[in-house]
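Just model18.cif here, mmCIF, C-alpha atoms:
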```
data_structure
#
loop_
_atom_site.label_atom_id
_atom_site.label_comp_id
_atom_site.auth_asym_id
_atom_site.auth_seq_id
_atom_site.Cartn_x
_atom_site.Cartn_y
_atom_site.Cartn_z
CA MET A 1 128.01 73.13 160.54
CA ARG A 2 127.61 70.01 158.44
CA LEU A 3 123.90 70.35 158.80
CA THR A 4 124.05 73.98 157.70
CA ARG A 5 126.07 73.07 154.61
CA ARG A 6 123.59 70.34 153.75
CA ALA A 7 120.72 72.74 154.26
CA LEU A 8 122.40 75.29 152.03
CA ALA A 9 123.05 72.71 149.32
CA ALA A 10 119.46 71.55 149.47
CA GLY A 11 118.28 75.14 149.30
CA VAL A 12 120.41 75.85 146.24
CA LEU A 13 119.17 72.65 144.60
CA LEU A 14 115.56 73.52 145.31
CA ALA A 15 116.04 77.03 143.97
CA ALA A 16 117.63 75.64 140.80
CA ILE A 17 114.80 73.16 140.28
CA SER A 18 112.31 75.90 140.92
CA LEU A 19 114.00 78.20 138.39
CA VAL A 20 114.04 75.48 135.75
CA GLY A 21 110.39 74.82 136.47
CA CYS A 22 109.51 78.50 136.10
CA GLU A 23 111.47 78.71 132.86
CA GLN A 24 109.68 75.68 131.46
CA GLN A 25 106.33 77.11 132.53
CA LYS A 26 107.15 80.45 130.94
CA ARG A 27 108.16 78.81 127.68
CA ALA A 28 105.26 76.36 127.45
CA PRO A 29 103.97 76.75 123.86
CA LYS A 30 100.69 78.62 123.62
CA THR A 31 98.16 79.43 120.94
CA VAL A 32 97.43 83.09 120.23
CA GLN A 33 94.49 84.20 118.11
CA ILE A 34 94.26 87.11 115.70
CA LEU A 35 90.72 88.01 114.73
CA ILE A 36 89.91 89.34 111.28
CA ASP A 37 86.90 91.64 111.23
CA GLN A 38 85.75 94.53 109.05
CA LEU A 39 88.68 94.04 106.67
CA ALA A 40 91.31 94.46 109.37
CA PHE A 41 93.66 92.17 111.28
CA GLY A 42 93.19 92.43 115.03
CA LYS A 43 96.11 92.94 117.37
CA SER A 44 98.13 89.93 118.48
CA SER A 45 99.85 89.33 121.79
CA ASP A 46 103.18 91.09 122.25
CA ASP A 47 104.47 87.97 124.03
CA LEU A 48 105.13 85.56 121.17
CA HIS A 49 107.91 82.97 121.32
CA VAL A 50 109.36 80.35 119.02
CA GLY A 51 107.14 77.27 119.33
CA ASP A 52 103.94 79.24 119.91
CA THR A 53 101.03 78.78 117.53
CA LEU A 54 99.46 81.77 115.84
CA GLN A 55 95.88 81.30 114.71
CA TRP A 56 93.91 83.67 112.46
CA VAL A 57 90.13 83.55 112.71
CA ASN A 58 88.17 85.13 109.86
CA HIS A 59 84.98 86.76 111.13
CA ASP A 60 84.40 88.60 107.84
CA MET A 61 82.04 87.63 105.05
CA PHE A 62 85.00 87.89 102.66
CA GLU A 63 87.81 85.51 101.85
CA HIS A 64 91.19 86.68 103.11
CA THR A 65 94.75 85.41 103.38
CA ALA A 66 97.45 85.83 106.00
CA THR A 67 100.54 86.02 103.83
CA ALA A 68 103.99 86.67 105.28
CA LYS A 69 106.04 89.12 103.25
CA ASP A 70 109.13 86.97 103.79
CA GLY A 71 107.33 83.83 102.59
CA GLN A 72 107.17 82.04 105.96
CA PHE A 73 103.46 81.36 105.58
CA ASP A 74 100.59 81.91 103.15
CA LEU A 75 97.28 80.90 104.70
CA ASP A 76 93.98 80.94 102.85
CA LEU A 77 91.10 82.08 105.06
CA PRO A 78 87.60 81.61 103.62
CA PRO A 79 84.75 83.32 105.53
CA GLY A 80 84.39 81.82 109.00
CA ALA A 81 87.57 79.75 108.72
CA SER A 82 90.57 79.65 111.01
CA ARG A 83 94.12 78.67 110.07
CA GLN A 84 97.23 78.45 112.15
CA VAL A 85 100.98 78.37 111.93
CA VAL A 86 103.68 77.36 114.41
CA LEU A 87 106.29 80.09 114.83
CA ARG A 88 109.68 78.56 114.01
CA ARG A 89 112.10 81.47 114.22
CA THR A 90 112.64 84.79 115.91
CA GLY A 91 112.19 88.16 114.30
CA ILE A 92 109.58 90.58 113.10
CA ILE A 93 107.14 89.16 110.56
CA GLN A 94 105.06 91.48 108.44
CA TYR A 95 102.04 89.98 106.76
CA TYR A 96 99.12 91.07 104.60
CA CYS A 97 96.03 89.85 102.75
CA LYS A 98 96.76 89.06 99.10
CA PHE A 99 93.20 89.96 98.09
CA HIS A 100 92.98 93.19 100.09
CA PRO A 101 96.53 94.56 100.19
CA GLY A 102 95.57 97.40 102.53
CA MET A 103 95.07 94.80 105.26
CA THR A 104 98.41 94.44 107.01
CA GLY A 105 99.73 93.14 110.31
CA GLN A 106 102.98 92.58 112.14
CA ILE A 107 104.17 90.19 114.83
CA SER A 108 107.38 90.00 116.81
CA VAL A 109 108.72 86.59 117.80
CA THR A 110 111.39 86.09 120.46
CA ASP A 111 113.20 83.03 121.87
CA MET B 112 97.64 105.55 76.95
CA ILE B 113 96.16 109.02 76.67
CA ARG B 114 93.05 107.41 75.24
CA LEU B 115 92.93 105.09 78.21
CA LEU B 116 93.33 107.95 80.65
CA ALA B 117 90.74 110.00 78.81
CA ALA B 118 88.36 107.05 78.84
CA ALA B 119 88.94 106.53 82.56
CA ALA B 120 88.37 110.23 83.27
CA ALA B 121 85.27 110.30 81.11
CA SER B 122 83.88 107.22 82.77
CA THR B 123 84.50 108.80 86.18
CA LEU B 124 82.67 111.95 85.17
CA LEU B 125 79.79 110.06 83.65
CA ALA B 126 79.44 107.77 86.63
CA ALA B 127 79.75 110.70 89.01
CA SER B 128 76.94 112.52 87.25
CA ALA B 129 74.92 109.32 87.27
CA LEU B 130 75.35 109.06 91.02
CA ALA B 131 74.52 112.69 91.72
CA ALA B 132 70.84 112.24 92.47
CA PRO B 133 69.12 115.58 92.98
CA ALA B 134 67.03 114.62 95.99
CA LYS B 135 68.13 112.64 99.02
CA PRO B 136 67.69 108.96 98.24
CA THR B 137 65.42 106.84 100.41
CA ASP B 138 66.58 103.57 101.99
CA PRO B 139 64.87 101.41 99.31
CA GLN B 140 66.61 103.51 96.65
CA ILE B 141 69.96 103.34 98.44
CA ALA B 142 69.65 99.57 98.69
CA HIS B 143 68.91 99.41 94.97
CA ILE B 144 71.86 101.65 94.07
CA ALA B 145 74.30 99.68 96.24
CA TYR B 146 73.09 96.33 94.93
CA THR B 147 73.22 97.58 91.33
CA ALA B 148 76.75 98.91 91.79
CA GLY B 149 77.88 95.52 93.05
CA SER B 150 76.09 93.59 90.31
CA LEU B 151 77.58 95.76 87.58
CA ASP B 152 81.08 95.16 88.87
CA ILE B 153 80.40 91.42 88.92
CA GLU B 154 79.33 91.61 85.27
CA ALA B 155 82.49 93.56 84.41
CA ALA B 156 84.56 90.92 86.21
CA LYS B 157 82.84 88.11 84.33
CA GLN B 158 83.69 89.82 81.07
CA ALA B 159 87.32 90.06 82.22
CA LEU B 160 87.33 86.37 83.15
CA SER B 161 86.12 85.48 79.67
CA LYS B 162 88.68 87.66 77.88
CA SER B 163 91.83 88.04 79.95
CA HIS B 164 94.76 85.64 80.12
CA ASN B 165 96.74 87.74 82.57
CA PRO B 166 96.92 85.83 85.91
CA ASP B 167 96.88 89.04 87.97
CA VAL B 168 93.85 90.39 86.12
CA VAL B 169 92.06 87.04 86.40
CA ALA B 170 92.81 86.90 90.14
CA PHE B 171 91.50 90.44 90.57
CA ALA B 172 88.34 89.67 88.59
CA ASN B 173 87.72 86.54 90.67
CA GLU B 174 88.09 88.66 93.79
CA MET B 175 85.51 91.14 92.47
CA VAL B 176 83.01 88.34 91.79
CA ARG B 177 83.61 86.76 95.21
CA ASP B 178 83.52 89.94 97.31
CA HIS B 179 80.66 91.73 95.57
CA THR B 180 78.59 88.55 95.61
CA ALA B 181 79.16 88.27 99.37
CA VAL B 182 78.03 91.87 99.97
CA ASN B 183 75.05 91.57 97.67
CA ASP B 184 73.95 88.33 99.34
CA LYS B 185 74.06 90.16 102.69
CA ALA B 186 72.15 93.07 101.19
CA LEU B 187 69.43 90.76 99.88
CA ALA B 188 69.14 89.06 103.26
CA LEU B 189 68.91 92.45 104.96
CA VAL B 190 66.18 93.89 102.73
CA LYS B 191 64.23 90.67 103.19
CA LYS B 192 64.62 90.91 106.95
CA LEU B 193 63.59 94.58 106.93
CA ASN B 194 60.75 93.82 104.53
CA VAL B 195 62.05 96.51 102.21
CA THR B 196 61.69 96.33 98.42
CA PRO B 197 64.67 97.92 96.65
CA GLU B 198 63.36 100.70 94.45
CA ALA B 199 64.67 101.39 90.95
CA ASN B 200 65.72 105.01 90.49
CA PRO B 201 67.51 107.28 87.99
CA THR B 202 70.87 106.81 89.72
CA SER B 203 70.72 103.02 89.37
CA ALA B 204 69.60 103.40 85.76
CA GLY B 205 72.45 105.81 85.01
CA LEU B 206 74.98 103.44 86.51
CA THR B 207 73.61 100.57 84.44
CA THR B 208 73.72 102.56 81.19
CA GLN B 209 77.25 103.68 81.91
CA ALA B 210 78.35 100.10 82.66
CA ASP B 211 76.65 98.76 79.51
CA ASN B 212 78.55 101.29 77.43
CA GLU B 213 81.82 100.44 79.11
CA ARG B 214 81.30 96.71 78.55
CA ALA B 215 80.60 97.35 74.86
CA THR B 216 83.82 99.36 74.61
CA LEU B 217 85.84 96.69 76.39
CA ALA B 218 84.34 93.96 74.21
CA LYS B 219 86.20 95.42 71.23
CA LEU B 220 89.58 95.11 72.97
CA ASP B 221 91.81 92.09 73.46
CA GLY B 222 95.00 91.11 75.23
CA ALA B 223 97.01 93.77 77.02
CA ALA B 224 94.79 96.55 75.69
CA PHE B 225 91.75 94.93 77.28
CA ASP B 226 93.57 94.30 80.57
CA LYS B 227 94.69 97.91 80.87
CA ALA B 228 91.30 99.32 79.97
CA TYR B 229 89.44 96.97 82.31
CA VAL B 230 91.67 97.75 85.27
CA ALA B 231 91.65 101.49 84.53
CA ASN B 232 87.87 101.38 84.52
CA GLU B 233 87.88 99.44 87.80
CA VAL B 234 89.96 102.18 89.42
CA ALA B 235 87.61 104.88 88.14
CA TYR B 236 84.46 102.90 88.97
CA HIS B 237 85.47 102.12 92.55
CA LYS B 238 86.61 105.71 93.09
CA THR B 239 83.22 106.97 91.97
CA VAL B 240 81.21 104.46 93.98
CA ASN B 241 83.33 105.12 97.06
CA THR B 242 82.73 108.86 96.80
CA ALA B 243 79.00 108.24 96.47
CA LEU B 244 78.98 105.86 99.44
CA ARG B 245 81.02 108.19 101.64
CA ASP B 246 79.30 111.46 100.75
CA THR B 247 75.73 110.48 99.95
CA LEU B 248 74.56 106.91 100.47
CA ILE B 249 75.94 106.27 103.98
CA PRO B 250 75.01 109.71 105.40
CA ASP B 251 71.51 109.50 103.91
CA ALA B 252 70.74 105.92 104.96
CA GLN B 253 68.25 105.90 107.81
CA ASN B 254 68.24 102.26 108.90
CA ALA B 255 71.19 101.45 111.16
CA GLU B 256 71.75 97.97 109.71
CA LEU B 257 71.71 99.28 106.16
CA LYS B 258 74.11 102.06 107.16
CA ALA B 259 76.44 99.49 108.77
CA LEU B 260 76.39 97.24 105.69
CA LEU B 261 77.15 100.21 103.46
CA GLY B 262 80.03 101.05 105.80
CA THR B 263 81.44 97.54 105.36
CA GLY B 264 80.91 97.93 101.62
CA LEU B 265 82.90 101.16 101.63
CA LYS B 266 85.82 99.51 103.46
CA LEU B 267 85.76 96.69 100.93
CA PHE B 268 85.53 98.93 97.88
CA GLU B 269 88.39 101.08 99.17
CA GLN B 270 90.49 97.91 99.29
CA HIS B 271 89.38 97.09 95.75
CA GLN B 272 90.31 100.58 94.58
CA ALA B 273 93.78 100.23 96.14
CA HIS B 274 94.19 96.77 94.60
CA ALA B 275 93.09 98.06 91.17
CA GLU B 276 95.48 101.02 91.41
CA THR B 277 98.38 98.68 92.26
CA LEU B 278 97.43 96.43 89.37
CA ALA B 279 97.07 99.35 86.97
CA ALA B 280 100.60 100.53 87.86
CA LYS B 281 101.90 97.00 87.23
CA LEU B 282 100.24 96.84 83.81
CA LYS B 283 101.81 100.08 82.55
#
```

Show me the file's structure as structure tokens.
Amino acid sequence: MRLTRRALAAGVLLAAISLVGCEQQKRAPKTVQILIDQLAFGKSSDDLHVGDTLQWVNHDMFEHTATAKDGQFDLDLPPGASRQVVLRRTGIIQYYCKFHPGMTGQISVTD
Amino acid sequence: MIRLLAAAAASTLLAASALAAPAKPTDPQIAHIAYTAGSLDIEAAKQALSKSHNPDVVAFANEMVRDHTAVNDKALALVKKLNVTPEANPTSAGLTTQADNERATLAKLDGAAFDKAYVANEVAYHKTVNTALRDTLIPDAQNAELKALLGTGLKLFEQHQAHAETLAAKLK
């Protein structure tokens, strides 16, 4: 009986450690790229969390910007350049290119 | 304002007639027309940079210089690669005459009057060039790389038209 209790306790402990480990693995910060090509922002991952890094890569021959409408970021992207930003808060961020206002994008950031 | 609108409408009509070449243009002619259209807008932007003190207009003009230079550099590299010599034609000549006249008109204006007239002309000019690209130049281009570059040019000029329209509304 004592052995069974110990085994149960160890099992619970292991499960807890395992869960924490999974959680940490799930939340490990990652870098997600958004390609700019033919005067359009490519799609980004739907799985963006606070702490992740978002990187825009400009494949166009034109200078662009990635400018958040709420002012969170304003990145200048000369031809061939890449710029990145670390996502600091949750929510939906709409962004656009200041030079070519028809170029728009949106990302959703969760905890 | 009515004068401005009338001028914009007139410039659209004139440019449209200039672009309406009777026969289907060849690739060397298309390359010449596209390059000329870009160069003329660069010249218009340089005039704006020398006359305007409005930060939005200056930013727009800088964008025109930057973007049209990028496309024209690509166009030059492409014709060199294809061993094609751009061929002067009545459409290019008409565009140039029209742009010369417009620059002379704008040279007489200053301040807000210049800004409004320049941006109104940019709206009309890009609208006309976009129509020509969409309906004539891209469909008639034979070389796939030239057609693709013209397609990129159209996407860019559509953005410029939208930007100019937004700016024109702001300047009212």

Can you spell out as a list in words the set of residues that the PyMOL selection byres ((chain A) within 12 of (chain B)) selects in the structure I just provided?
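Checked against the file, the PyMOL selection byres ((chain A) within 12 of (chain B)) matches Asp37, Gln38, Leu39, Ala40, Asp60, Met61, Phe62, Glu63, His64, Pro78, Pro79, Cys97, Lys98, Phe99, His100, Pro101, Gly102, Met103 and Thr104 of chain A.
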
Considering only C-alpha atoms, return as a list of chain:residue names whatever protein or nucleic-acid residues lie within 7 Å of A:Thr90, sequence-local ones (same chain, fewer than 6 positions apart) excluded.
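Those residues are A:Val50, A:Val109, A:Thr110, A:Asp111.
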
Which is closest to B:Glu256 among B:Leu189, B:Val176, B:Ile141, B:Val195, if we use all atoms listed in the file?
B:Leu189

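The spacing separating atom CA of A:Ser45 from atom CA of A:Val85 amounts to 14.8 Å.
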
Please list as a PyMOL selection string every residue within 12 Å of A:His49, counting all atoms listed in the file and excluding residues in the same chain fewer than 5 positions away.
chain A and resi 26-32+54+86-92+107-111

Dump C-alpha atoms for the selected residues as a tab-separated table (two decimals), keeping the file's coordinate frame?
```tsv
chain	number	residue	atom	x	y	z
A	26	LYS	CA	107.15	80.45	130.94
A	27	ARG	CA	108.16	78.81	127.68
A	28	ALA	CA	105.26	76.36	127.45
A	29	PRO	CA	103.97	76.75	123.86
A	30	LYS	CA	100.69	78.62	123.62
A	31	THR	CA	98.16	79.43	120.94
A	32	VAL	CA	97.43	83.09	120.23
A	54	LEU	CA	99.46	81.77	115.84
A	86	VAL	CA	103.68	77.36	114.41
A	87	LEU	CA	106.29	80.09	114.83
A	88	ARG	CA	109.68	78.56	114.01
A	89	ARG	CA	112.10	81.47	114.22
A	90	THR	CA	112.64	84.79	115.91
A	91	GLY	CA	112.19	88.16	114.30
A	92	ILE	CA	109.58	90.58	113.10
A	107	ILE	CA	104.17	90.19	114.83
A	108	SER	CA	107.38	90.00	116.81
A	109	VAL	CA	108.72	86.59	117.80
A	110	THR	CA	111.39	86.09	120.46
A	111	ASP	CA	113.20	83.03	121.87
```

Pick from A:Tyr95, A:Ile36, A:Leu48, A:Asn58, whichever lies nearest to A:Asp74 using all atoms listed in the file:
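Comparing A:Tyr95, A:Ile36, A:Leu48, A:Asn58 against A:Asp74, the winner is A:Tyr95.
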
Which residue of B:Ala243, B:Ala210, B:Asn194, B:Ala279 approaches B:Ala228 most closely, using all atoms listed in the file:
B:Ala279

Dig up all the protein and nucleic acid residues within 7 Å of (98.8, 89.3, 117.0) in the file frame, using all atoms listed in the file, and format them as a PyMOL selection string.
chain A and resi 33-34+42-45+107

Selected by the PyMOL selection byres ((chain A and resi 68) around 10) in the shown coordinates: which residues, as a PyMOL selection string?
chain A and resi 65-67+69-75+93-98+104-106

Atoms kept (C-alpha atoms) for selection, written as a PDB file, in the frame of the given file:
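Result written to again_6.pdb:
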```pdb
ATOM      1  CA  THR A  65      94.750  85.410 103.380  1.00  0.00           C
ATOM      2  CA  ALA A  66      97.450  85.830 106.000  1.00  0.00           C
ATOM      3  CA  THR A  67     100.540  86.020 103.830  1.00  0.00           C
ATOM      4  CA  LYS A  69     106.040  89.120 103.250  1.00  0.00           C
ATOM      5  CA  ASP A  70     109.130  86.970 103.790  1.00  0.00           C
ATOM      6  CA  GLY A  71     107.330  83.830 102.590  1.00  0.00           C
ATOM      7  CA  GLN A  72     107.170  82.040 105.960  1.00  0.00           C
ATOM      8  CA  PHE A  73     103.460  81.360 105.580  1.00  0.00           C
ATOM      9  CA  ASP A  74     100.590  81.910 103.150  1.00  0.00           C
ATOM     10  CA  LEU A  75      97.280  80.900 104.700  1.00  0.00           C
ATOM     11  CA  ILE A  93     107.140  89.160 110.560  1.00  0.00           C
ATOM     12  CA  GLN A  94     105.060  91.480 108.440  1.00  0.00           C
ATOM     13  CA  TYR A  95     102.040  89.980 106.760  1.00  0.00           C
ATOM     14  CA  TYR A  96      99.120  91.070 104.600  1.00  0.00           C
ATOM     15  CA  CYS A  97      96.030  89.850 102.750  1.00  0.00           C
ATOM     16  CA  LYS A  98      96.760  89.060  99.100  1.00  0.00           C
ATOM     17  CA  THR A 104      98.410  94.440 107.010  1.00  0.00           C
ATOM     18  CA  GLY A 105      99.730  93.140 110.310  1.00  0.00           C
ATOM     19  CA  GLN A 106     102.980  92.580 112.140  1.00  0.00           C
TER      20      GLN A 106
END
```
